[in-house]
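**Q** Here you go, work-v8.pdb (PDB, C-alpha atoms):
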```
ATOM      1  CA  MET A  18     -38.115 -58.163  35.656
ATOM      2  CA  ASP A  19     -40.781 -58.373  32.957
ATOM      3  CA  ASN A  20     -43.143 -61.225  33.686
ATOM      4  CA  SER A  21     -44.926 -61.178  30.324
ATOM      5  CA  THR A  22     -44.616 -64.016  27.862
ATOM      6  CA  ASP A  23     -44.894 -63.691  24.099
ATOM      7  CA  SER A  24     -48.555 -64.696  24.383
ATOM      8  CA  GLY A  25     -49.181 -61.904  26.888
ATOM      9  CA  THR A  26     -49.580 -64.261  29.849
ATOM     10  CA  THR A  27     -48.270 -62.752  33.073
ATOM     11  CA  LEU A  28     -46.578 -65.171  35.392
ATOM     12  CA  PRO A  29     -45.321 -65.110  38.911
ATOM     13  CA  GLN A  30     -41.621 -65.125  39.624
ATOM     14  CA  PRO A  31     -40.097 -68.034  41.499
ATOM     15  CA  SER A  32     -39.798 -67.560  45.216
ATOM     16  CA  ALA A  33     -36.007 -67.354  45.067
ATOM     17  CA  ALA A  34     -36.121 -64.121  43.083
ATOM     18  CA  ARG A  35     -36.894 -60.995  45.125
ATOM     19  CA  ASP A  36     -37.418 -57.705  43.354
ATOM     20  CA  PRO A  37     -35.855 -54.986  45.535
ATOM     21  CA  ARG A  38     -38.059 -52.314  43.871
ATOM     22  CA  ALA A  39     -41.291 -53.991  44.973
ATOM     23  CA  ARG A  40     -43.050 -52.559  47.990
ATOM     24  CA  ALA A  41     -45.639 -55.350  48.293
ATOM     25  CA  THR A  42     -45.455 -59.059  47.531
ATOM     26  CA  LEU A  43     -48.118 -61.437  46.293
ATOM     27  CA  ASP A  44     -47.213 -65.114  46.570
ATOM     28  CA  VAL A  45     -49.156 -67.336  44.187
ATOM     29  CA  TRP A  46     -49.199 -71.002  45.188
ATOM     30  CA  CYS A  47     -49.427 -72.757  41.854
ATOM     31  CA  ASP A  48     -49.576 -76.214  40.288
ATOM     32  CA  LEU A  49     -48.336 -76.047  36.697
ATOM     33  CA  GLN A  50     -50.704 -78.855  35.676
ATOM     34  CA  CYS A  51     -53.736 -77.128  37.193
ATOM     35  CA  PRO A  52     -56.359 -75.742  34.775
ATOM     36  CA  ASP A  53     -57.527 -73.304  37.463
ATOM     37  CA  CYS A  54     -53.994 -71.856  37.660
ATOM     38  CA  HIS A  55     -54.162 -71.332  33.916
ATOM     39  CA  LEU A  56     -57.431 -69.416  34.307
ATOM     40  CA  ALA A  57     -55.920 -67.243  37.052
ATOM     41  CA  GLN A  58     -53.337 -65.819  34.653
ATOM     42  CA  ASP A  59     -55.753 -63.127  33.410
ATOM     43  CA  ASP A  60     -56.049 -61.771  36.944
ATOM     44  CA  LEU A  61     -52.275 -61.844  37.407
ATOM     45  CA  ARG A  62     -51.791 -59.977  34.141
ATOM     46  CA  ALA A  63     -54.273 -57.320  35.270
ATOM     47  CA  LEU A  64     -52.484 -56.966  38.613
ATOM     48  CA  ARG A  65     -49.106 -56.597  36.870
ATOM     49  CA  GLU A  66     -50.519 -53.936  34.554
ATOM     50  CA  ARG A  67     -52.056 -52.025  37.453
ATOM     51  CA  TYR A  68     -49.100 -52.124  39.857
ATOM     52  CA  GLY A  69     -46.000 -52.732  37.735
ATOM     53  CA  ASP A  70     -42.886 -53.163  39.862
ATOM     54  CA  ALA A  71     -44.642 -51.953  43.029
ATOM     55  CA  LEU A  72     -46.220 -55.409  43.450
ATOM     56  CA  GLU A  73     -43.919 -58.384  43.202
ATOM     57  CA  ILE A  74     -45.753 -61.500  42.079
ATOM     58  CA  ARG A  75     -43.917 -64.710  42.982
ATOM     59  CA  LEU A  76     -44.670 -68.251  41.898
ATOM     60  CA  ARG A  77     -44.647 -70.680  44.798
ATOM     61  CA  HIS A  78     -44.807 -74.374  44.031
ATOM     62  CA  PHE A  79     -47.702 -76.419  45.336
ATOM     63  CA  PRO A  80     -47.964 -79.511  43.133
ATOM     64  CA  LEU A  81     -51.154 -81.380  43.941
ATOM     65  CA  GLU A  82     -51.137 -85.167  44.361
ATOM     66  CA  LYS A  83     -54.007 -85.536  41.900
ATOM     67  CA  ASN A  84     -51.854 -84.021  39.140
ATOM     68  CA  LYS A  85     -49.386 -86.774  38.332
ATOM     69  CA  HIS A  86     -46.838 -84.580  36.521
ATOM     70  CA  ALA A  87     -47.094 -81.387  38.586
ATOM     71  CA  TYR A  88     -44.095 -82.176  40.792
ATOM     72  CA  ALA A  89     -41.878 -82.810  37.767
ATOM     73  CA  ALA A  90     -43.269 -79.675  36.111
ATOM     74  CA  ALA A  91     -42.256 -77.601  39.152
ATOM     75  CA  GLN A  92     -38.715 -78.969  38.963
ATOM     76  CA  ALA A  93     -38.562 -78.366  35.208
ATOM     77  CA  PHE A  94     -39.744 -74.794  35.786
ATOM     78  CA  GLU A  95     -36.888 -74.200  38.226
ATOM     79  CA  GLU A  96     -34.390 -75.413  35.620
ATOM     80  CA  ALA A  97     -36.017 -73.240  32.950
ATOM     81  CA  TYR A  98     -35.807 -70.300  35.346
ATOM     82  CA  GLU A  99     -32.096 -70.932  35.851
ATOM     83  CA  GLN A 100     -31.755 -70.825  32.068
ATOM     84  CA  GLY A 101     -33.506 -67.442  32.007
ATOM     85  CA  ARG A 102     -36.884 -68.468  30.604
ATOM     86  CA  GLY A 103     -38.920 -69.564  33.618
ATOM     87  CA  GLU A 104     -41.852 -67.255  33.048
ATOM     88  CA  GLU A 105     -42.244 -68.302  29.434
ATOM     89  CA  TYR A 106     -41.877 -71.938  30.379
ATOM     90  CA  ALA A 107     -44.583 -71.746  33.040
ATOM     91  CA  GLY A 108     -46.900 -69.966  30.611
ATOM     92  CA  ALA A 109     -46.350 -72.617  27.962
ATOM     93  CA  LEU A 110     -47.097 -75.405  30.437
ATOM     94  CA  LEU A 111     -50.206 -73.696  31.760
ATOM     95  CA  GLU A 112     -51.462 -73.390  28.182
ATOM     96  CA  ARG A 113     -51.083 -77.169  27.809
ATOM     97  CA  THR A 114     -52.305 -78.605  31.115
ATOM     98  CA  LYS A 115     -54.403 -81.311  29.453
ATOM     99  CA  GLU A 116     -51.513 -82.365  27.222
ATOM    100  CA  LEU A 117     -49.195 -82.418  30.240
ATOM    101  CA  SER A 118     -51.633 -84.805  31.935
ATOM    102  CA  GLN A 119     -51.313 -87.154  28.976
ATOM    103  CA  ARG A 120     -47.639 -86.838  28.017
ATOM    104  CA  GLY A 121     -45.840 -85.996  31.257
ATOM    105  CA  GLU A 122     -42.081 -85.566  31.248
ATOM    106  CA  GLU A 123     -41.892 -85.948  27.479
ATOM    107  CA  LEU A 124     -43.851 -82.692  27.151
ATOM    108  CA  LEU A 125     -41.706 -80.976  29.784
ATOM    109  CA  THR A 126     -38.562 -81.493  27.714
ATOM    110  CA  GLN A 127     -40.362 -80.768  24.425
ATOM    111  CA  VAL A 128     -41.575 -77.389  25.702
ATOM    112  CA  ALA A 129     -38.045 -76.603  26.861
ATOM    113  CA  GLY A 130     -36.744 -77.276  23.353
ATOM    114  CA  GLU A 131     -39.529 -75.228  21.759
ATOM    115  CA  LEU A 132     -38.481 -72.263  23.891
ATOM    116  CA  GLY A 133     -34.817 -72.616  22.965
ATOM    117  CA  LEU A 134     -33.787 -73.982  26.354
ATOM    118  CA  ASP A 135     -31.292 -76.770  26.865
ATOM    119  CA  ALA A 136     -33.853 -79.603  26.910
ATOM    120  CA  GLU A 137     -31.210 -82.155  27.878
ATOM    121  CA  GLU A 138     -30.416 -80.077  30.965
ATOM    122  CA  VAL A 139     -34.117 -79.960  31.867
ATOM    123  CA  SER A 140     -34.248 -83.737  31.478
ATOM    124  CA  SER A 141     -31.102 -84.130  33.603
ATOM    125  CA  ALA A 142     -32.578 -81.912  36.313
ATOM    126  CA  LEU A 143     -35.599 -84.187  36.481
ATOM    127  CA  ILE A 144     -33.333 -87.204  36.854
ATOM    128  CA  ASP A 145     -30.823 -85.815  39.355
ATOM    129  CA  GLY A 146     -33.378 -83.894  41.416
ATOM    130  CA  ARG A 147     -31.293 -80.730  41.735
ATOM    131  CA  HIS A 148     -34.416 -78.615  42.281
ATOM    132  CA  LEU A 149     -36.238 -80.922  44.702
ATOM    133  CA  LEU A 150     -35.379 -78.803  47.731
ATOM    134  CA  VAL A 151     -36.883 -75.636  46.251
ATOM    135  CA  VAL A 152     -40.124 -77.399  45.340
ATOM    136  CA  ASP A 153     -40.311 -79.217  48.679
ATOM    137  CA  ALA A 154     -39.608 -76.030  50.656
ATOM    138  CA  ASP A 155     -42.345 -74.123  48.814
ATOM    139  CA  GLN A 156     -44.821 -76.938  49.343
ATOM    140  CA  ALA A 157     -43.958 -77.244  53.050
ATOM    141  CA  GLU A 158     -44.356 -73.504  53.542
ATOM    142  CA  GLY A 159     -47.672 -73.586  51.718
ATOM    143  CA  LYS A 160     -48.939 -76.392  53.943
ATOM    144  CA  ALA A 161     -47.823 -74.457  57.028
ATOM    145  CA  LEU A 162     -49.859 -71.482  55.775
ATOM    146  CA  GLY A 163     -52.931 -73.644  55.232
ATOM    147  CA  VAL A 164     -52.732 -73.924  51.454
ATOM    148  CA  THR A 165     -54.761 -76.928  50.306
ATOM    149  CA  GLY A 166     -55.428 -76.150  46.641
ATOM    150  CA  THR A 167     -54.310 -74.018  43.749
ATOM    151  CA  PRO A 168     -54.211 -71.250  42.957
ATOM    152  CA  THR A 169     -53.928 -69.790  46.433
ATOM    153  CA  TYR A 170     -52.734 -66.236  47.006
ATOM    154  CA  VAL A 171     -50.965 -64.833  50.058
ATOM    155  CA  ILE A 172     -50.577 -61.079  50.456
ATOM    156  CA  ASP A 173     -49.800 -59.243  53.673
ATOM    157  CA  GLY A 174     -50.227 -62.483  55.623
ATOM    158  CA  GLN A 175     -53.735 -63.063  54.281
ATOM    159  CA  ARG A 176     -54.507 -66.278  52.414
ATOM    160  CA  LEU A 177     -57.029 -66.048  49.588
ATOM    161  CA  ASP A 178     -58.098 -69.368  48.108
ATOM    162  CA  GLY A 179     -58.682 -69.546  44.366
ATOM    163  CA  GLY A 180     -59.600 -72.714  42.573
ATOM    164  CA  LYS A 181     -62.678 -72.905  40.433
ATOM    165  CA  SER A 182     -64.072 -69.634  41.748
ATOM    166  CA  GLN A 183     -61.725 -66.729  41.126
ATOM    167  CA  GLU A 184     -64.626 -64.316  41.492
ATOM    168  CA  GLY A 185     -63.798 -61.379  43.706
ATOM    169  CA  LEU A 186     -60.235 -62.467  44.432
ATOM    170  CA  ARG A 187     -58.526 -59.897  42.222
ATOM    171  CA  GLU A 188     -60.595 -57.135  43.772
ATOM    172  CA  ARG A 189     -59.641 -58.327  47.270
ATOM    173  CA  ILE A 190     -55.957 -58.492  46.298
ATOM    174  CA  GLU A 191     -56.239 -54.958  44.881
ATOM    175  CA  GLU A 192     -57.775 -53.684  48.132
ATOM    176  CA  ILE A 193     -54.901 -55.126  50.145
ATOM    177  CA  ALA A 194     -52.239 -53.979  47.678
ATOM    178  CA  ASP A 195     -53.701 -50.467  47.564
ATOM    179  CA  ARG A 196     -53.544 -50.297  51.360
ATOM    180  CA  LEU A 197     -49.957 -51.608  51.439
ATOM    181  CA  LEU A 198     -48.878 -49.188  48.734
ATOM    182  CA  GLY A 199     -50.718 -46.192  50.187
ATOM    183  CA  ARG A 200     -52.984 -45.761  47.187
TER     184      ARG A 200
END
```
Kindly transcribe the structure held in the file into structure tokens.
**A**
Amino acid sequence: MDNSTDSGTTLPQPSAARDPRARATLDVWCDLQCPDCHLAQDDLRALRERYGDALEIRLRHFPLEKNKHAYAAAQAFEEAYEQGRGEEYAGALLERTKELSQRGEELLTQVAGELGLDAEEVSSALIDGRHLLVVDADQAEGKALGVTGTPTYVIDGQRLDGGKSQEGLRERIEEIADRLLGR
């Protein structure tokens, strides 16, 4: 699956999707309202370019309490993914984290419409909570792994904490991926 958006942003896949061609997996615990997650997208794009399908990059939800609309954004992402545009949707939200902070669910449905998704279905998903279990399961797993902030990366059982300082993380991920892939 191509994880590139029209703007060139590379995004993780949701945890439910598993690429059978991948030989290594990088889980990215993400909050779609988090400016630091937006900044991490350059590193993810570089990893995708370097490894292609050999490294599966999966988005794992970890909405932070401080980000009022992150939980709804995670649910909206899951609906967008079901409609075939999850990666683009996540990229669009990450480009507008400040606006999401101000406009909340109104922006979530607007972005869906801008991308040609069924915005009413995204709105309905937020109301009926059909994706709550996926978001809750990701968050519970993240907590069990010791995730406390975003972005946090897990590869080969090793947790690498991102946040404001992404420095050196991509290189560490590359070291681990190279070892896993025999490079």
**Q** Return the padded bounding box of range 38-51 of chain A as lines of an AutoDock Vina configuration file: axis-aligned, built from all atoms listed in the file, 6 Å added on each side, with centre and edge lengths in Å to one decimal.
**A**
```
center_x = -45.9
center_y = -65.6
center_z = 42.0
size_x = 27.7
size_y = 38.5
size_z = 24.6
```
**Q** Near Gly133 in chain A, counting all atoms listed in the file, which residues have an atom at most 12 Å away, once you skip same-chain residues fewer than 2 positions from it, shown as a ChimeraX atom specification?
**A** /A:97,100-103,105-106,126-131,135-139
**Q** By how many Å are CA of Phe79 in chain A and CA of Glu184 in chain A apart?
**A**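 Distance reported for this atom pair: 21.2 Å.
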**Q** With distances taken over only C-alpha atoms, which of A:Asp153, A:Ala41, A:Gly179, A:Gly121 is nearest to Thr167 in chain A?
**A**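 When distances to Thr167 in chain A are compared using only C-alpha atoms, the smallest one comes from A:Gly179.
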**Q** With the PyMOL selection byres ((chain A and resi 77) around 8) as the selection, what would be picked from this file? Answer as a list in words, please.
**A**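 That selection, the PyMOL selection byres ((chain A and resi 77) around 8), comes back as Pro31, Ser32, Asp44, Val45, Trp46, Cys47, Arg75, Leu76, His78, Phe79, Asp155 and Gln156 of chain A.
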**Q** I want to know what sits within 9 Å of Val171 in chain A, based on only C-alpha atoms, with residues of the same chain fewer than 5 positions away left out; could you give that as a compact mmCIF listing (two decimals) with C-alpha atoms, keeping the file's coordinate frame?
**A**
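Result saved to out-v9.txt:
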```txt
# COMPACT_ATOMS: atom_id res chain seq x y z
CA THR A 42 -45.46 -59.06 47.53
CA LEU A 43 -48.12 -61.44 46.29
CA ASP A 44 -47.21 -65.11 46.57
CA VAL A 45 -49.16 -67.34 44.19
CA TRP A 46 -49.20 -71.00 45.19
CA LEU A 162 -49.86 -71.48 55.78
CA ARG A 176 -54.51 -66.28 52.41
CA LEU A 177 -57.03 -66.05 49.59
CA ASP A 178 -58.10 -69.37 48.11
CA ILE A 190 -55.96 -58.49 46.30
```
**Q** May I have the residues at most 6 Å from (-34.9, -80.0, 34.8) in the file's coordinates, counting only C-alpha atoms, as an MDAnalysis selection string?
**A** chainID A and resid 92:93 96 138:143
**Q** Which is closest to Tyr170 in chain A among A:Arg147, A:Arg40, A:Leu61, A:His55, if we use all atoms listed in the file?
**A**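 Counting all atoms listed in the file, the residue closest to Tyr170 in chain A is A:Leu61.
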**Q** Name every residue that the PyMOL selection byres ((chain A and resi 82) around 12) selects in this structure, writing the answer as a list in words with chains first and numbers rising.
**A**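 So the PyMOL selection byres ((chain A and resi 82) around 12), applied here, picks out Asp48, Gln50, Cys51, Phe79, Pro80, Leu81, Lys83, Asn84, Lys85, His86, Ala87, Tyr88, Ala89, Gln156, Thr165, Gly166 and Thr167 of chain A.
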**Q** Out of A:Ile172, A:Leu49, A:Ile144, A:Leu56, which residue has the shortest atom-to-atom distance to Asp195 in chain A when counting all atoms listed in the file?
**A**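 For Asp195 in chain A, the nearest of the given residues is A:Ile172.
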**Q** Could you check how far CA of Arg189 in chain A sits from CA of Gln175 in chain A, in Å to one decimal?
**A** 10.3 Å
**Q** What is the distance, in Å and to one decimal place, between CA of Val164 in chain A and CA of Leu117 in chain A?
**A**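 Distance between the two atoms: 23.1 Å.
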**Q** List, as number ranges by chain, every residue that the PyMOL selection byres ((chain A and resi 64) around 10) selects in the file provided.
**A** A: 27, 43, 58-63, 65-69, 72-74, 187-188, 190-191, 194
